[in-house]
Amino acid sequence: MGSSILFSYPELSTIVGIQGTFTYAAASALPLMAFVFLGPIIRKKLPKGFIMTTWVRHRYGEIAGAYISFLTLAIMFLYMVAELSALQQVIGTLAGIDGLPVIIVQVIVTTIYTSLGGFKVSFVTDNIQGVMICGLVIICSIAIGTSVKIDTSMIAPSGLMKPSLLGYQLIYTLFIGIICSDMFLSGFWMRTFASRTDKDLAIGVSIATFAVFVILALVGATGLIAVWSGIPEPGAMAFFLLMGNLPAWVVAFAIVMVVSLSCAVFDSLQSAMISTASEELFRNKLPLPWVRGMVVLVIVPVIVVAIKSPSILQIFLISNLAASAAVPSVFLGLSRKFYFIQGFEVVCGSLGGIFSVWVFGMIFYHGDANAARKLIILASLYAPDWSVFGTFLVAPVAGLLITFAVCALRLGVRYAVCKSRGERFDGFDRPMEPPSVDEVTAELERESRGVSHPSYGATKRV
């Protein structure tokens, strides 16, 4: 959680009300629990891995691995943009100065200490981040509670206490988008693989889920307070407009906290991007300093885009959409029932899911290509219709359908070829796979007792 949470969560609360406050907080926190279930499964299949893309390459091959690695890097690029854009706006709003020099200094500082300490240093800054955000929430809560006056006569007319159609749509839209996007954050996977045991992972993630929900709900509630305190149309600036009513020392403290939060998030994204590029794109064949240098070069356009991207929420929504088109097809590979799905189908399904959003937009807007294009970049989450809900429904469902359709086409062509050549059709032959970690452990225990397993040692079919 970085400085970007101070924009998107209060903004949603000012529009959807208390329903949106708790929906967004829950939709952001609960997806973390997916790592409790998926982490152990992937660790068993690939015990030496440390990010999801390594397993994707192992399961689907080089093409799918390269595509998912590229998509992972692209999503982390967007998260970097969102974080630097948020920090720039925070500094400009609270301190009244140009935020560009601050974000440049932050990039330099995080680059230096991540280069010296590697990805492990981000684990240390995670602890600092936790302390900082707790301090920020506690102090700001006390300050707002004692300095801001809520006009109770404005609560009912605001309509923010009532449920709405948009609020119900967001339960699905936000949850699907965020859980799929989380799967592409290599920093989460690095921490998943770093956990000592599955029990430790479950305990840590459970605590984090509860803490994230509480913190985000409190941050989002500032949007409600801003409206009820008489601030007209606070929008994404709700938190900072409230800060204008607080003592100067609280504002100064908040600036320090926000910069610390932003550094902790940004160094995690830097470390994750370096690890993904080094491990998956260059397969550890390129010296690490070169990879770090490339990531520094990538940060230059990140800064440029961040300066021109005022909508933090839109950036997150674009990354969520791209992820939701790919994740369902990718995780078919966790089940042995879908052993016949190959990397080509996964790539086609992901790209097809995104293209299907444009097709949906053309149909929904009666052939208006401009409106369909805006739907892909999610120009508005708050459209008073079913367009955004349909977008996040079409992307994953169409992605899955296209994956199976392309797979059926491939198998059909393979069957026709085998038929014409008089060969046996092998399209549904199970691939050869090495023994699992559990099987290796069991065999070692048998050997220690002097008992051998007749079939062990040969590659098995799954």
# chains A, B, ... in the order shown; residues from 1 in each chain; ligands from 1
$ residues_around --residues "Cys134 in chain A" --least-positions-apart "3" --cutoff "12 Å" --atoms "only C-alpha atoms" --output "number ranges by chain"
A: 1, 127-131, 137-141, 211-212, 214-216, 218-219, 254, 257-258, 261
$ select_by_dssp --residues "range 62-184 of chain A" --states "alpha helix (DSSP H)" --output "PyMOL selection string"
chain A and resi 62-90+100-117+120-147+155-158+165-182
$ closest_residue --among "A:Ile75, A:Ile41, A:Leu100, A:Met52" --to "Ala306 in chain A" --atoms "only C-alpha atoms"
A:Leu100
$ residues_around --residues "range 102-108 of chain A" --least-positions-apart "3" --cutoff "8 Å" --atoms "only C-alpha atoms" --output "count of residues only"
11
$ residues_around --residues "range 239-241 of chain A" --least-positions-apart "3" --cutoff "12 Å" --atoms "only C-alpha atoms" --output "PyMOL selection string"
chain A and resi 3-14+86+89-96+137+140-141+144+148+218-227+229-236+244-246+250-251+254-255+258
$ closest_residue --among "A:Val302, A:Ile51, A:Val256, A:Met154" --to "Met132 in chain A" --atoms "only C-alpha atoms"
A:Val256
$ closest_residue --among "A:Cys407, A:Ala27, A:Ala371, A:Cys348" --to "Ile171 in chain A" --atoms "only C-alpha atoms"
A:Ala27
$ closest_residue --among "A:Asp385, A:Asp429, A:Glu345, A:Asp368" --to "Ala405 in chain A" --atoms "only C-alpha atoms"
A:Glu345
$ atom_distance --atom1 "CA of Phe184 in chain A" --atom2 "CA of Thr72 in chain A"
5.1 Å
$ decode --residues "range 50-124 of chain A" --atoms "C-alpha atoms" --output "PDB file, in the first residue's frame"
ATOM      1  CA  PHE A  50      10.228 -17.771  -6.652  1.00  0.00           C
ATOM      2  CA  ILE A  51       7.807 -15.987  -8.994  1.00  0.00           C
ATOM      3  CA  MET A  52       4.696 -17.114 -10.890  1.00  0.00           C
ATOM      4  CA  THR A  53       6.211 -16.582 -14.336  1.00  0.00           C
ATOM      5  CA  THR A  54       8.799 -19.281 -13.633  1.00  0.00           C
ATOM      6  CA  TRP A  55       6.000 -21.803 -13.174  1.00  0.00           C
ATOM      7  CA  VAL A  56       4.216 -20.525 -16.309  1.00  0.00           C
ATOM      8  CA  ARG A  57       7.342 -21.136 -18.394  1.00  0.00           C
ATOM      9  CA  HIS A  58       7.786 -24.549 -16.780  1.00  0.00           C
ATOM     10  CA  ARG A  59       4.172 -25.534 -17.468  1.00  0.00           C
ATOM     11  CA  TYR A  60       3.438 -23.915 -20.837  1.00  0.00           C
ATOM     12  CA  GLY A  61       6.806 -23.377 -22.485  1.00  0.00           C
ATOM     13  CA  GLU A  62       8.923 -20.482 -23.656  1.00  0.00           C
ATOM     14  CA  ILE A  63       6.371 -18.551 -25.729  1.00  0.00           C
ATOM     15  CA  ALA A  64       3.716 -18.417 -23.013  1.00  0.00           C
ATOM     16  CA  GLY A  65       6.403 -17.753 -20.401  1.00  0.00           C
ATOM     17  CA  ALA A  66       7.751 -14.802 -22.374  1.00  0.00           C
ATOM     18  CA  TYR A  67       4.253 -13.408 -22.950  1.00  0.00           C
ATOM     19  CA  ILE A  68       3.226 -13.656 -19.291  1.00  0.00           C
ATOM     20  CA  SER A  69       6.581 -12.199 -18.246  1.00  0.00           C
ATOM     21  CA  PHE A  70       5.991  -9.248 -20.576  1.00  0.00           C
ATOM     22  CA  LEU A  71       2.474  -8.798 -19.205  1.00  0.00           C
ATOM     23  CA  THR A  72       3.832  -8.968 -15.653  1.00  0.00           C
ATOM     24  CA  LEU A  73       6.402  -6.283 -16.399  1.00  0.00           C
ATOM     25  CA  ALA A  74       3.752  -4.134 -18.103  1.00  0.00           C
ATOM     26  CA  ILE A  75       1.440  -4.338 -15.090  1.00  0.00           C
ATOM     27  CA  MET A  76       4.290  -3.478 -12.722  1.00  0.00           C
ATOM     28  CA  PHE A  77       5.114  -0.557 -15.027  1.00  0.00           C
ATOM     29  CA  LEU A  78       1.553   0.726 -14.552  1.00  0.00           C
ATOM     30  CA  TYR A  79       1.812   0.307 -10.780  1.00  0.00           C
ATOM     31  CA  MET A  80       5.034   2.318 -10.819  1.00  0.00           C
ATOM     32  CA  VAL A  81       3.281   5.034 -12.825  1.00  0.00           C
ATOM     33  CA  ALA A  82       0.393   5.091 -10.357  1.00  0.00           C
ATOM     34  CA  GLU A  83       2.718   5.366  -7.365  1.00  0.00           C
ATOM     35  CA  LEU A  84       4.868   8.179  -8.740  1.00  0.00           C
ATOM     36  CA  SER A  85       1.810  10.030 -10.037  1.00  0.00           C
ATOM     37  CA  ALA A  86       0.216   9.788  -6.606  1.00  0.00           C
ATOM     38  CA  LEU A  87       3.369  10.995  -4.850  1.00  0.00           C
ATOM     39  CA  GLN A  88       3.680  13.959  -7.184  1.00  0.00           C
ATOM     40  CA  GLN A  89       0.107  14.993  -6.480  1.00  0.00           C
ATOM     41  CA  VAL A  90       0.534  14.513  -2.719  1.00  0.00           C
ATOM     42  CA  ILE A  91       3.594  16.768  -2.620  1.00  0.00           C
ATOM     43  CA  GLY A  92       1.950  19.362  -4.847  1.00  0.00           C
ATOM     44  CA  THR A  93      -1.217  19.416  -2.760  1.00  0.00           C
ATOM     45  CA  LEU A  94       0.151  19.264   0.775  1.00  0.00           C
ATOM     46  CA  ALA A  95       3.493  21.028   0.394  1.00  0.00           C
ATOM     47  CA  GLY A  96       2.534  23.378  -2.438  1.00  0.00           C
ATOM     48  CA  ILE A  97       5.713  22.651  -4.420  1.00  0.00           C
ATOM     49  CA  ASP A  98       6.528  20.886  -7.676  1.00  0.00           C
ATOM     50  CA  GLY A  99       6.470  17.144  -7.042  1.00  0.00           C
ATOM     51  CA  LEU A 100       8.816  16.231  -9.925  1.00  0.00           C
ATOM     52  CA  PRO A 101      12.111  16.794  -8.026  1.00  0.00           C
ATOM     53  CA  VAL A 102      10.766  14.701  -5.146  1.00  0.00           C
ATOM     54  CA  ILE A 103       9.912  11.696  -7.304  1.00  0.00           C
ATOM     55  CA  ILE A 104      13.295  11.931  -9.058  1.00  0.00           C
ATOM     56  CA  VAL A 105      15.064  11.879  -5.689  1.00  0.00           C
ATOM     57  CA  GLN A 106      12.917   8.945  -4.579  1.00  0.00           C
ATOM     58  CA  VAL A 107      13.796   6.965  -7.710  1.00  0.00           C
ATOM     59  CA  ILE A 108      17.507   7.625  -7.197  1.00  0.00           C
ATOM     60  CA  VAL A 109      17.420   6.675  -3.516  1.00  0.00           C
ATOM     61  CA  THR A 110      15.423   3.463  -4.014  1.00  0.00           C
ATOM     62  CA  THR A 111      17.639   2.480  -6.953  1.00  0.00           C
ATOM     63  CA  ILE A 112      20.763   2.869  -4.826  1.00  0.00           C
ATOM     64  CA  TYR A 113      19.631   0.841  -1.839  1.00  0.00           C
ATOM     65  CA  THR A 114      17.943  -1.895  -3.887  1.00  0.00           C
ATOM     66  CA  SER A 115      21.155  -2.233  -5.913  1.00  0.00           C
ATOM     67  CA  LEU A 116      23.151  -2.635  -2.714  1.00  0.00           C
ATOM     68  CA  GLY A 117      20.738  -4.847  -0.789  1.00  0.00           C
ATOM     69  CA  GLY A 118      18.878  -6.733  -3.517  1.00  0.00           C
ATOM     70  CA  PHE A 119      15.273  -7.842  -3.205  1.00  0.00           C
ATOM     71  CA  LYS A 120      15.763  -8.730   0.471  1.00  0.00           C
ATOM     72  CA  VAL A 121      15.956  -5.050   1.339  1.00  0.00           C
ATOM     73  CA  SER A 122      12.334  -4.702   0.231  1.00  0.00           C
ATOM     74  CA  PHE A 123      11.369  -7.126   3.009  1.00  0.00           C
ATOM     75  CA  VAL A 124      12.917  -4.706   5.493  1.00  0.00           C
TER      76      VAL A 124
END
